[in-house]
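Inspection log for the structure reproduced underneath, given as structure tokens.
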There are 2 protein chains.
Amino acid sequence: VSARLINGRSARSIDSDDRGLQYGDGLFETISCVSGRPRWLALHLERLQRGLARLRIAFDQLAALRCEIEALAGGEERCIIKVIVTRGTATRRGYAPSGDETATRIVSRHPWPEQARSPAQFRVGVAAVCLSGSPILAGLKHLNRLEQVMAQMECADRQLAEVLMLTATRQLISGSMSNVFLVTEEGLITPDLTECGVEGVMRRVVLESAASAGVRVAIRPVWLQELPAVREAFVTNVRLGVQTVDSLDGRALPDAGFAERLRRLIDAHTH
Amino acid sequence: VSARLINGRSARSIDSDDRGLQYGDGLFETISCVSGRPRWLALHLERLQRGLARLRIAFDQLAALRCEIEALAGGEERCIIKVIVTRGTATRRGYAPSGDETATRIVSRHPWPEQARSPAQFRVGVAAVCLSGSPILAGLKHLNRLEQVMAQMECADRQLAEVLMLTATRQLISGSMSNVFLVTEEGLITPDLTECGVEGVMRRVVLESAASAGVRVAIRPVWLQELPAVREAFVTNVRLGVQTVDSLDGRALPDAGFAERLRRLIDAHTH
């Protein structure tokens, strides 16, 4: 962490009674910043607001939050800004909010990860750790991320770049830290996220770029047994952008054309 | 909070980069203390250790933690001690732990809740908010508690004392802050928790007391459609003990005999 603002002030710590720690009662955003500016900030703030409404967290500091993000990004060639908004310090014990909490906002700046962390070959497998379906939380980037933590441990143990996560009924949802797109004879497909998963900002950028270029993307439930028919796959998040998957479950994928085209489209739109 | 120790020192705040806040990457225990002593401390610490092993959190401060709990409980007629152990401050960005984190432990003392919070009639309904199944996390009292937070908001909206939570497939798991026991013609039943739910310390005390008295308890999957046949129900946690349910989904329950018998058994064993 190279800089941190907590409720607008330079600080490093929060009350240990914060409901964000006690219950994961909050949301976060991970924002890619280039040439001093946060990319896709409007989309990040929109998802954040959708999450706040869903969790019924009162938050009237959006304008201040936006300023803080822009201030921390300013002057940096390339960095990551992480935002956390929690329901705030507990005003009583127990899961039920009292309703009189004041939301906590944390904005922190992190160096852009070194290339060393992105392997030459982007090898992807299917995680043994399952994602649990929770329609009430689906789509949100909330702070309950133990399944992703467990999946990332598995990913490291298996020396993979990313693992794909399934529900208990073998429905493919996403990577552990990314969304996923697949190409089969049917064309470009990405999993439906109404049961669980995070609606990534990069996923949305890809979907909008594809739509504007007339590239059809099917958003539908995808199942484990469809993976052998996949000819191309890529994962997306704001750090990786559109990342081609070189091998899936040990099988080298022959194609990378959709990812290349989408990268070009997105680069063209972002300037 | 009337007293708090963080890593053994009197403190109020933690690093906002703690993985407990970032991802809910940790566990907690809520301990009932009477006459200066934590009750069922061995069971709490055993569950905590099971959780730490499952999450692969290295923690070598169990003896210190035990001392801190006993120190905060000492001299208090009646209080709640809450313990949180997280994987510690992140040493790099991202879900994957680096493996060189140092666990954070937080021990806080809270006043025993006033009677006002326990209504005269303990009315229970079935929550619309579902529990998601996650076998890898089932049984643990981990920090990912947004579903319980949402369920408790629903509980407050509906002016109920507790809500029972189902999986998406209508399997009954527990209350939002308690375990549940039901009595039908079959006898005493409590839901199987291999798919999800928390293995409560009070649930275990009830099961062990029942076993020692020769009262048979069936631990099996329980389904929503079984509720109309229920004649008695009680919920358990270390604060409520064995709490009789007066009405379930608007229907007054005729019996309370099992709960009374178990309360007597537990009181007899605890002295």
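We name chains A, B, ... following the order of the structure tokens; residues begin at 1 in each chain, and ligands are numbered from 1 as shown.
The list of chain A residues within 7 Å of chain B is Arg12, Ser13, Ile14, Asp15, Ser16, Gly20, Leu21, Gln22, Tyr23, Gly24, Asp25, Tyr95, Ala96, Ser132, Gly133, Ser134, Leu143, Asn144, Arg145, Leu146, Gln148, Val149, Gln152 and Met153 of chain A; this uses only C-alpha atoms.
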- Task: Name the residues of region 74-252 of chain A that come out as helix (DSSP H, G or I) in a backbone DSSP run; write them as a ChimeraX atom specification.
- Result: /A:115-117,146-157,201-212,224-229
- Message: Here is a test: counting only C-alpha atoms, which residue of B:Glu185, B:Glu195, B:Glu208, B:Asp249 is nearest to Leu224 (chain B)?
- Response: B:Asp249
For region 36-50 of chain B, please output as a compact mmCIF listing (two decimals) with C-alpha atoms, in the first residue's frame all residues within 10 Å (counting only C-alpha atoms; exclusion window: fewer than 4 positions along the same chain).
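The resulting file, selection-v4.txt, is reproduced below:
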# COMPACT_ATOMS: atom_id res chain seq x y z
CA GLY B 26 -10.89 -15.51 9.49
CA LEU B 27 -13.08 -17.04 12.19
CA PHE B 28 -14.88 -15.98 15.33
CA GLU B 29 -16.31 -17.33 18.57
CA THR B 30 -18.97 -15.86 20.82
CA ILE B 31 -18.47 -17.05 24.39
CA SER B 32 -20.93 -16.82 27.25
CA ARG B 54 -9.52 -25.92 7.40
CA LEU B 55 -8.64 -22.39 6.26
CA ARG B 56 -4.90 -23.13 6.59
CA ILE B 57 -4.34 -20.21 8.94
CA ALA B 58 -1.15 -20.67 10.95
CA PHE B 59 -1.83 -19.79 14.58
CA LEU B 62 -3.72 -20.48 21.43
CA LEU B 65 -5.65 -16.43 23.51
CA ARG B 66 -7.01 -18.65 26.28
CA ILE B 69 -10.31 -14.72 27.31
CA GLU B 70 -10.03 -15.76 30.95
CA ALA B 71 -8.57 -12.38 31.93
CA LEU B 72 -11.40 -10.41 30.29
CA ALA B 73 -14.07 -12.70 31.76
CA GLY B 74 -12.62 -12.53 35.30
CA GLY B 75 -14.64 -10.52 37.80
CA GLU B 76 -17.65 -10.12 35.49
CA GLU B 77 -20.92 -11.51 36.77
CA ARG B 78 -22.17 -12.12 33.25
CA CYS B 79 -20.74 -11.00 29.89
CA ILE B 80 -20.11 -12.02 26.30
CA ILE B 81 -16.55 -12.46 25.05
CA VAL B 83 -12.96 -13.71 19.73
CA ILE B 84 -11.86 -13.06 16.15
CA VAL B 85 -8.81 -14.67 14.58
CA GLY B 139 -19.66 -26.11 10.22
CA LEU B 140 -17.16 -23.26 10.64
CA LYS B 141 -17.91 -19.97 12.33
CA HIS B 142 -16.08 -17.94 9.70
CA GLU B 199 -21.82 -26.27 14.24
CA GLY B 200 -22.84 -24.29 17.29
CA VAL B 201 -21.23 -24.95 20.64
CA MET B 202 -24.68 -24.96 22.29
CA ARG B 204 -23.01 -29.73 20.68
CA VAL B 205 -23.76 -29.29 24.39
CA VAL B 238 -24.62 -19.83 23.93
CA THR B 270 -22.64 -27.36 34.19
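If only C-alpha atoms are the atoms counted, then among B:Arg158, B:Leu188, B:Asn7, B:Val230 the closest residue to Thr102 (chain B) is B:Asn7.
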- Query: Quick one, how far is CA of Ala210 (chain A) from CA of Ala256 (chain A)?
  - Reply: 15.3 Å
- Taking the chain letters and numbering used in this document, name the residues of region 138-260 of chain B that DSSP puts in strand (DSSP E), as an MDAnalysis selection string. chainID B and resid 162:166 171:175 179:184 187:191 217:220 222:223 232:237 241:244 247:248 251:252
Take the residues just selected and output them with N, CA and C atoms as a CSV table (one decimal), in the first residue's frame.
chain,number,residue,atom,x,y,z
B,162,GLU,N,-36.5,-14.7,15.6
B,162,GLU,CA,-35.5,-15.4,14.9
B,162,GLU,C,-36.2,-15.9,13.6
B,163,VAL,N,-35.3,-16.1,12.5
B,163,VAL,CA,-35.8,-16.7,11.3
B,163,VAL,C,-35.0,-18.0,11.0
B,164,LEU,N,-35.7,-19.0,10.5
B,164,LEU,CA,-35.1,-20.2,10.1
B,164,LEU,C,-34.6,-20.1,8.7
B,165,MET,N,-33.5,-20.6,8.4
B,165,MET,CA,-32.9,-20.4,7.0
B,165,MET,C,-32.8,-21.8,6.3
B,166,LEU,N,-33.2,-21.7,5.0
B,166,LEU,CA,-33.2,-22.8,4.1
B,166,LEU,C,-32.1,-22.7,3.0
B,171,GLN,N,-33.9,-27.0,1.9
B,171,GLN,CA,-33.4,-27.8,3.1
B,171,GLN,C,-33.3,-26.9,4.2
B,172,LEU,N,-33.8,-27.2,5.4
B,172,LEU,CA,-33.7,-26.4,6.6
B,172,LEU,C,-32.3,-26.6,7.2
B,173,ILE,N,-31.6,-25.5,7.5
B,173,ILE,CA,-30.3,-25.7,8.1
B,173,ILE,C,-30.2,-25.2,9.5
B,174,SER,N,-30.7,-24.0,9.8
B,174,SER,CA,-30.5,-23.4,11.1
B,174,SER,C,-31.3,-22.1,11.2
B,175,GLY,N,-31.2,-21.5,12.4
B,175,GLY,CA,-31.7,-20.1,12.5
B,175,GLY,C,-30.6,-19.2,12.0
B,179,ASN,N,-28.8,-22.6,16.2
B,179,ASN,CA,-29.1,-23.9,15.6
B,179,ASN,C,-30.6,-24.2,16.0
B,180,VAL,N,-31.2,-25.2,15.3
B,180,VAL,CA,-32.6,-25.5,15.5
B,180,VAL,C,-32.8,-27.0,15.8
B,181,PHE,N,-33.7,-27.3,16.7
B,181,PHE,CA,-34.1,-28.6,17.0
B,181,PHE,C,-35.6,-28.7,16.9
B,182,LEU,N,-36.1,-29.8,16.3
B,182,LEU,CA,-37.6,-29.9,16.1
B,182,LEU,C,-38.0,-31.2,16.7
B,183,VAL,N,-39.3,-31.2,17.2
B,183,VAL,CA,-39.9,-32.5,17.7
B,183,VAL,C,-41.1,-32.8,16.8
B,184,THR,N,-41.1,-34.0,16.2
B,184,THR,CA,-42.2,-34.5,15.5
B,184,THR,C,-42.6,-35.8,16.1
B,187,GLY,N,-39.7,-38.0,17.0
B,187,GLY,CA,-38.9,-37.7,18.1
B,187,GLY,C,-38.1,-36.4,17.8
B,188,LEU,N,-36.9,-36.3,18.5
B,188,LEU,CA,-36.1,-35.0,18.4
B,188,LEU,C,-35.2,-35.1,17.2
B,189,ILE,N,-35.2,-34.0,16.4
B,189,ILE,CA,-34.4,-34.0,15.1
B,189,ILE,C,-33.7,-32.7,15.1
B,190,THR,N,-32.5,-32.7,14.5
B,190,THR,CA,-31.8,-31.5,14.2
B,190,THR,C,-31.1,-31.6,12.9
B,191,PRO,N,-31.1,-30.5,12.1
B,191,PRO,CA,-30.6,-30.6,10.7
B,191,PRO,C,-29.1,-31.1,10.6
B,217,VAL,N,-31.4,-38.3,19.4
B,217,VAL,CA,-31.6,-37.1,18.5
B,217,VAL,C,-31.2,-37.6,17.1
B,218,ALA,N,-32.1,-37.4,16.2
B,218,ALA,CA,-31.8,-37.8,14.8
B,218,ALA,C,-31.1,-36.6,14.1
B,219,ILE,N,-29.9,-36.7,13.6
B,219,ILE,CA,-29.3,-35.7,12.9
B,219,ILE,C,-29.4,-36.1,11.4
B,220,ARG,N,-30.2,-35.4,10.7
B,220,ARG,CA,-30.5,-35.7,9.3
B,220,ARG,C,-30.9,-34.5,8.5
B,222,VAL,N,-33.3,-32.1,6.9
B,222,VAL,CA,-34.7,-31.7,7.2
B,222,VAL,C,-35.2,-30.8,6.1
B,223,TRP,N,-36.4,-30.9,5.8
B,223,TRP,CA,-37.0,-30.2,4.6
B,223,TRP,C,-38.1,-29.3,5.1
B,232,GLU,N,-43.0,-29.3,18.6
B,232,GLU,CA,-42.2,-28.5,19.5
B,232,GLU,C,-40.9,-28.1,18.7
B,233,ALA,N,-40.4,-26.9,19.0
B,233,ALA,CA,-39.1,-26.5,18.4
B,233,ALA,C,-38.4,-25.6,19.4
B,234,PHE,N,-37.1,-25.7,19.3
B,234,PHE,CA,-36.3,-24.8,20.1
B,234,PHE,C,-35.0,-24.5,19.3
B,235,VAL,N,-34.5,-23.3,19.6
B,235,VAL,CA,-33.2,-22.9,19.0
B,235,VAL,C,-32.2,-22.7,20.1
B,236,THR,N,-30.9,-22.9,19.6
B,236,THR,CA,-29.9,-22.9,20.6
B,236,THR,C,-28.7,-22.0,20.2
B,237,ASN,N,-28.2,-21.2,21.1
B,237,ASN,CA,-26.9,-20.6,21.0
B,237,ASN,C,-26.4,-20.3,22.4
B,241,GLY,N,-29.1,-20.1,25.2
B,241,GLY,CA,-29.2,-21.4,25.8
B,241,GLY,C,-30.1,-22.3,24.9
B,242,VAL,N,-31.1,-22.9,25.6
B,242,VAL,CA,-32.1,-23.7,24.9
B,242,VAL,C,-33.4,-22.8,24.9
B,243,GLN,N,-33.7,-22.3,23.8
B,243,GLN,CA,-34.8,-21.3,23.7
B,243,GLN,C,-36.0,-21.9,23.0
B,244,THR,N,-37.1,-22.1,23.8
B,244,THR,CA,-38.3,-22.6,23.2
B,244,THR,C,-38.9,-21.7,22.2
B,247,SER,N,-44.1,-19.8,18.6
B,247,SER,CA,-44.8,-20.0,17.4
B,247,SER,C,-43.9,-20.0,16.2
B,248,LEU,N,-44.3,-20.9,15.2
B,248,LEU,CA,-43.5,-21.2,14.0
B,248,LEU,C,-44.4,-20.8,12.8
B,251,ARG,N,-48.0,-20.3,13.6
B,251,ARG,CA,-48.7,-21.4,14.3
B,251,ARG,C,-48.1,-21.6,15.7
B,252,ALA,N,-49.0,-21.5,16.7
B,252,ALA,CA,-48.5,-21.8,18.1
B,252,ALA,C,-48.1,-23.2,18.2
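The two atoms in question, CA of Ser35 (chain A) and CA of Leu262 (chain A), are spaced 21.9 Å apart.
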- Atomic distance CA of Ala213 (chain A) - CA of Ala229 (chain A), expressed in Å with one decimal: 25.2 Å
